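Everything below concerns the one structure shown next.
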Amino acid sequence: MERWIAQARQQLSEEAFRELSFHEVFPSHKVLIIIAGEDHKARLLPAFWGYPGREGKLIINARSETAFDSFFFRDSLPCVIPATGYYEWSRDPKKKYYFTVNEKPMYLAGLCRKEEDGMHMVILTEAAVLKQAEIHDRQPVILSSLDIPEYCQNTNPKETIKKSIRYRNIREAE
């Protein structure tokens, strides 16, 4: 993560960098995303977490199984969100859990698009597995670092998700 943060510091203006959230992130916060630049190299951008929806509600996640065929996401581009982990809430009783992948950076598959106030992103989800399934029925789609270029540049990112090398060694920590 330090490498991504250092690269963002170099690529973004000081003001744009200061607006980024790097710790516990909530919907509407600005986060760092990775997209494919015109030269097909990774490009870092700030993006708000959530697409504007009806009645001012934010759409923060999209089902990976249907998002690429959805009219709502038709103008979206694939993006990757670097993270050190993510939180999930159990349903009953309400309890917050933190998930990581072997203490290494993880890469969440997402979609992004430009809105009037800047770039916005949503996180793609899939059916939960392992410990996560005991907590919640969905989890973020986690890509390996090797999947980033293909996912971001692919004309069919849904296929990249299907064949990606997924990290399933997720551990639970409170």
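The chains in the structure tokens are called A, B, ... from first to last as shown; in each chain the residues are counted from 1, and the ligands are counted from 1 in the order shown.
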
If you run DSSP over the backbone, which residues in chain A end up strand (DSSP E)? Put them as a count of residues only. 68

Leaving out stretch 121-135 of chain A and any residue of its chain fewer than 2 positions from it, which residues lie within 6 Å of it when counting only C-alpha atoms, given as a VMD selection string? chain A and resid 49 to 50 60 to 64 90 109 to 112 137 to 141

Of the candidates A:His120, A:Ile142, A:Ile34, A:Pro157, which one gets nearest to A:Phe99 if we count only C-alpha atoms?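 Counting only C-alpha atoms, the residue closest to A:Phe99 is A:Ile142.
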
Residue set, stretch 21-119 of chain A restricted to helix (DSSP H, G or I), as a list in words: Arg54, Glu55, Gly56, Ala67, Phe68, Asp69, Phe71, Phe72 and Phe73 of chain A

Can I get the selection written as a compact mmCIF listing (two decimals), in the first residue's frame, with C-alpha atoms?
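Listing of out-v7.txt after writing:
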```
# COMPACT_ATOMS: atom_id res chain seq x y z
CA ARG A 54 -32.49 7.90 -6.94
CA GLU A 55 -33.57 10.30 -4.23
CA GLY A 56 -29.97 11.09 -3.27
CA ALA A 67 -23.39 -5.35 -13.37
CA PHE A 68 -21.78 -5.65 -16.80
CA ASP A 69 -25.21 -6.26 -18.38
CA PHE A 71 -28.29 -0.39 -18.03
CA PHE A 72 -27.38 1.55 -14.85
CA PHE A 73 -23.66 0.64 -15.18
```

State, in Å with one decimal place, the distance from atom CA of A:Pro105 to atom CA of A:Pro93.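 Taking atom CA of A:Pro105 as the start and atom CA of A:Pro93 as the end point, the length is 29.1 Å.
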
re atom CA of A:Pro78 and atom CA of A:Ala6: distance 22.6 Å

So what do you get for atom CA of A:Met119 versus atom CA of A:Lys30, distance-wise?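 Value for the atom CA of A:Met119-atom CA of A:Lys30 distance: 9.2 Å.
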
Can you work out which one of A:Tyr87, A:Glu115, A:Met1, A:Glu38 has the shortest atom-to-atom distance to A:Ser145, counting only C-alpha atoms?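 Nearest to A:Ser145: A:Met1.
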